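Have a look at the structure below, then the notes.
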Amino acid sequence: MAIFRYPRPASSDITPKDVYLSRREMLGAGALSLTAALAGTASADALKTHPGPYSGGLAPTPEEFVTGYNNFYEFGMEKDDPVSHSGDFHPLPWTLEISGMVKKPQRLDVGALLKSSDIEERIYRMRCVEAWSMVIPWDGIPLAKLLQAAEPESGAKYVAFESVVRPSEMPGQSSAFSGISWPYVEGLRLDEAMNPLTLLAVGIYGESLPNQNGAPIRLVVPWKYGFKGIKSIQRIRLLDRQPPTTWNRLAPSEYGFYANVNPQVDHPRWSQASERVIGSKTLFGTKRQPTLMFNGYGEQVADLYRGMNLHDNF
Ligand SMILES: Nc1nc2c(c(=O)[nH]1)N[C@H]1C(S)=C(S)[C@@H](COP(=O)(O)O)O[C@H]1N2
Ligand SMILES: [Mo]
């Protein structure tokens, strides 16, 4: 299969695909099983993607970390569970429903969206609430475009998102271990959802999303902690009130609805002032760097929170 890529900001950190593939095969007996190594790329399709805004000079994390170190509890709780246990998940065909307080409810064929030439590349910082970070080259479409097509009613104030439930393909959903009640759900205020940074991603590195990264379509909100970026979305609903969210339901004192990246508001059990840079190496181990307010996107999003107490609304 031809792999077609538009140029990205030059970076010696990017792992070329062929090197990456052979390295993954060598890794087969170790960190990742061979079937797992194959599962991640078996169904990848090249996308017609073009550079979008806001990517500003960021060097992407090497692909093997982006696709091998994941949180996706539907496939298990360890970082290598999603790549190892998502091989039975078949994302296509897929319909994404946009409903609720809209004038024109939509049923989107995500397979067709994958072939569209509307797909942009956005290279974004990704900061997990667990105090680690990556830089990920996403391919996707601004959420605002799809919401505008659905024509939100004037009373709509929030957007609720729901992941897929398929216990037969998602081993983490048939185990009671995580304590999560499925589906995984997330939410945004409508103005956050309409912000030009907010993306529905269908790919990374110029190819369709691997299962472990949320195939076939997932949310990316780069100024918020990673758990807001709900994967494998089936339903989006516009509402007049704030929807429940998975991590807030599990531990309301630890995970808020807003979950804006904020180095000044610590998690009750750890500091959020700095982060481990996944995929970086120094003589002393993984590099740490200071965490930026709004993950570095303050210029684009600070206005959304003017006058709000960010300690209370964490
Ligand atoms: N459905 C679903 N979405 C999810 C999660 C999950 O467990 N289930 N984990 C979240 C968390 S905690 C993070 S940090 C990001 C990780 O995205 P990545 O694996 O593509 O880097 O996905 C988020 N989206
Ligand atoms: Mo996370």
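Lettering and numbering for the structure tokens are positional, with chains as A, B, ... in the shown order, residues counted from 1 in each chain, and ligands counted from 1 in the shown order.
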
Could you produce a table of the residues of chain A lying within 7 Å of ligand 1, with the nearest pair of atoms per residue and their separation in Å rounded to one decimal, using only C-alpha atoms and all ligand atoms, ordered by chain and increasing residue number, as JSON lines?
```
{"residue": "A:Val66", "atom": "CA", "partner": "ligand 1", "partner_atom_place_in_ligand_line": "21 (O)", "distance": 6.0}
{"residue": "A:Tyr69", "atom": "CA", "partner": "ligand 1", "partner_atom_place_in_ligand_line": "19 (O)", "distance": 6.5}
{"residue": "A:Asn70", "atom": "CA", "partner": "ligand 1", "partner_atom_place_in_ligand_line": "19 (O)", "distance": 3.5}
{"residue": "A:Asn71", "atom": "CA", "partner": "ligand 1", "partner_atom_place_in_ligand_line": "9 (N)", "distance": 4.5}
{"residue": "A:Phe72", "atom": "CA", "partner": "ligand 1", "partner_atom_place_in_ligand_line": "7 (O)", "distance": 3.4}
{"residue": "A:Tyr73", "atom": "CA", "partner": "ligand 1", "partner_atom_place_in_ligand_line": "7 (O)", "distance": 3.8}
{"residue": "A:Glu74", "atom": "CA", "partner": "ligand 1", "partner_atom_place_in_ligand_line": "8 (N)", "distance": 5.9}
{"residue": "A:Cys128", "atom": "CA", "partner": "ligand 1", "partner_atom_place_in_ligand_line": "14 (S)", "distance": 4.4}
{"residue": "A:Val129", "atom": "CA", "partner": "ligand 1", "partner_atom_place_in_ligand_line": "14 (S)", "distance": 6.9}
{"residue": "A:Ser163", "atom": "CA", "partner": "ligand 1", "partner_atom_place_in_ligand_line": "1 (N)", "distance": 5.2}
{"residue": "A:Tyr184", "atom": "CA", "partner": "ligand 1", "partner_atom_place_in_ligand_line": "1 (N)", "distance": 5.0}
{"residue": "A:Gln212", "atom": "CA", "partner": "ligand 1", "partner_atom_place_in_ligand_line": "19 (O)", "distance": 6.4}
{"residue": "A:Asn213", "atom": "CA", "partner": "ligand 1", "partner_atom_place_in_ligand_line": "20 (O)", "distance": 3.9}
{"residue": "A:Gly214", "atom": "CA", "partner": "ligand 1", "partner_atom_place_in_ligand_line": "20 (O)", "distance": 6.4}
{"residue": "A:Tyr225", "atom": "CA", "partner": "ligand 1", "partner_atom_place_in_ligand_line": "14 (S)", "distance": 6.9}
{"residue": "A:Gly226", "atom": "CA", "partner": "ligand 1", "partner_atom_place_in_ligand_line": "14 (S)", "distance": 3.8}
{"residue": "A:Phe227", "atom": "CA", "partner": "ligand 1", "partner_atom_place_in_ligand_line": "11 (C)", "distance": 3.6}
{"residue": "A:Lys228", "atom": "CA", "partner": "ligand 1", "partner_atom_place_in_ligand_line": "23 (C)", "distance": 6.1}
{"residue": "A:Gly229", "atom": "CA", "partner": "ligand 1", "partner_atom_place_in_ligand_line": "24 (N)", "distance": 4.6}
{"residue": "A:Ile230", "atom": "CA", "partner": "ligand 1", "partner_atom_place_in_ligand_line": "3 (N)", "distance": 3.8}
{"residue": "A:Lys231", "atom": "CA", "partner": "ligand 1", "partner_atom_place_in_ligand_line": "3 (N)", "distance": 3.9}
{"residue": "A:Ser232", "atom": "CA", "partner": "ligand 1", "partner_atom_place_in_ligand_line": "1 (N)", "distance": 6.2}
```

* Could you pull the residues within 12 Å of Arg125 in chain A, counting only C-alpha atoms, minus those fewer than 6 positions along the same chain, as an MDAnalysis selection string? -> chainID A and resid 54:61 66 132:138 197 220:226 261 275 277:278 291:292 294:297

* strand (DSSP E or B) call set, DSSP backbone run, range 90-263 of chain A, as an NGL selection string -> :A and (95-100 or 102 or 106-109 or 119-128 or 132-142 or 152 or 158-163 or 185-189 or 199-204 or 207-208 or 218-220 or 224 or 233-239 or 260)

* Asked: In terms of the shortest atom-to-atom distance over only C-alpha atoms and all ligand atoms, which of A:Ala112, A:Ala131, A:Val164, A:Ala44 is closest to ligand 2?
  ->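 Distance minimum relative to ligand 2 lands on A:Ala131.
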
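Nearest residue to Ser208 in chain A, choosing from A:Lys157, A:Arg249, A:Lys79, A:Lys48 and counting only C-alpha atoms: A:Lys48.
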
Can you build me a table of range 59-109 of chain A residues sitting at most 6 Å from range 146-155 of chain A, with the closest atom pair per residue and its distance in Å to one decimal, using only C-alpha atoms, sorted by chain and residue number, as a tab-separated table?
```
residue	atom	partner	partner_atom	distance
A:Met101	CA	A:Glu153	CA	5.5
A:Val102	CA	A:Pro152	CA	4.2
A:Lys103	CA	A:Glu151	CA	5.3
A:Lys104	CA	A:Ala150	CA	4.6
A:Pro105	CA	A:Ala150	CA	5.6
```

Do you know which residues are at most 7 Å from Lys287 in chain A counting only C-alpha atoms, after dropping those on the same chain fewer than 5 positions away, and could you put them as a PDB file with C-alpha atoms, in the first residue's frame?
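The resulting file, around25.pdb, is shown below:
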```pdb
ATOM      1  CA  ARG A 276       7.687  13.160  31.720  1.00  0.00           C
ATOM      2  CA  VAL A 277       8.391  13.481  28.004  1.00  0.00           C
ATOM      3  CA  SER A 280      12.863  11.227  25.177  1.00  0.00           C
ATOM      4  CA  LYS A 281      16.028   9.909  26.666  1.00  0.00           C
ATOM      5  CA  THR A 282      18.786  11.497  28.681  1.00  0.00           C
TER       6      THR A 282
END
```

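Distances to Gln106 in chain A were evaluated for A:Gly203, A:Glu130, A:Gln234, A:Met77 using only C-alpha atoms, and the minimum falls at A:Gln234.
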
Near Thr246 in chain A, within 10 Å and counting only C-alpha atoms, which residues show up once chain neighbours fewer than 4 positions away are dropped, as a compact mmCIF listing (two decimals) with N, CA and C atoms, in the first residue's frame?
```
# COMPACT_ATOMS: atom_id res chain seq x y z
N GLU A 162 -20.04 9.78 23.40
CA GLU A 162 -20.13 8.39 23.87
C GLU A 162 -19.26 7.47 23.03
N ILE A 180 -15.10 0.99 35.63
CA ILE A 180 -15.77 1.93 34.72
C ILE A 180 -17.09 1.33 34.26
N SER A 181 -18.17 2.13 34.25
CA SER A 181 -19.40 1.62 33.65
C SER A 181 -19.48 2.15 32.23
N TRP A 182 -19.56 1.22 31.29
CA TRP A 182 -19.48 1.55 29.86
C TRP A 182 -20.82 2.02 29.34
N PRO A 183 -20.87 2.85 28.33
CA PRO A 183 -19.73 3.39 27.59
C PRO A 183 -18.95 4.47 28.34
N TYR A 184 -17.68 4.63 27.93
CA TYR A 184 -16.88 5.78 28.33
C TYR A 184 -17.60 7.02 27.79
N VAL A 185 -17.79 8.01 28.63
CA VAL A 185 -18.48 9.23 28.19
C VAL A 185 -17.64 10.47 28.52
N GLU A 186 -17.79 11.48 27.70
CA GLU A 186 -17.08 12.75 27.93
C GLU A 186 -17.99 13.91 27.53
N GLY A 187 -17.53 15.11 27.82
CA GLY A 187 -18.33 16.27 27.48
C GLY A 187 -17.51 17.54 27.39
N PHE A 227 -7.56 12.58 29.11
CA PHE A 227 -8.77 11.76 29.28
C PHE A 227 -10.01 12.39 28.66
N LYS A 228 -9.95 13.71 28.36
CA LYS A 228 -11.08 14.34 27.66
C LYS A 228 -11.16 13.84 26.21
N ILE A 230 -11.88 11.46 24.14
CA ILE A 230 -12.61 10.20 24.09
C ILE A 230 -12.41 9.49 22.74
N LEU A 250 -16.08 8.60 38.40
CA LEU A 250 -15.29 7.64 39.19
C LEU A 250 -14.64 8.30 40.40
N ALA A 251 -14.12 9.50 40.24
CA ALA A 251 -13.37 10.18 41.31
C ALA A 251 -13.52 11.69 41.18
N PRO A 252 -14.68 12.21 41.63
CA PRO A 252 -14.99 13.63 41.41
C PRO A 252 -14.00 14.59 42.07
N TYR A 255 -10.80 14.39 39.30
CA TYR A 255 -10.94 14.69 37.88
C TYR A 255 -12.19 15.54 37.66
N PHE A 257 -14.77 18.32 35.44
CA PHE A 257 -15.38 18.37 34.10
C PHE A 257 -14.46 19.12 33.14
```

* **Top pick for closest residue to ligand 2, considering A:Leu219, A:Ser116, A:Trp247, A:Asp88 and counting only C-alpha atoms and all ligand atoms** =>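 Using only C-alpha atoms and all ligand atoms, ligand 2 sits closest to A:Trp247.
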
* Asked: Which one of A:Tyr124, A:Asp266, A:Asp191, A:Ser86 sits closest to Leu310 in chain A if you count only C-alpha atoms?
  ->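 Nearest to Leu310 in chain A: A:Asp266.
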
* Asked: How many Å separate CA of Ile204 in chain A from CA of Gly52 in chain A?
  -> 13.5 Å
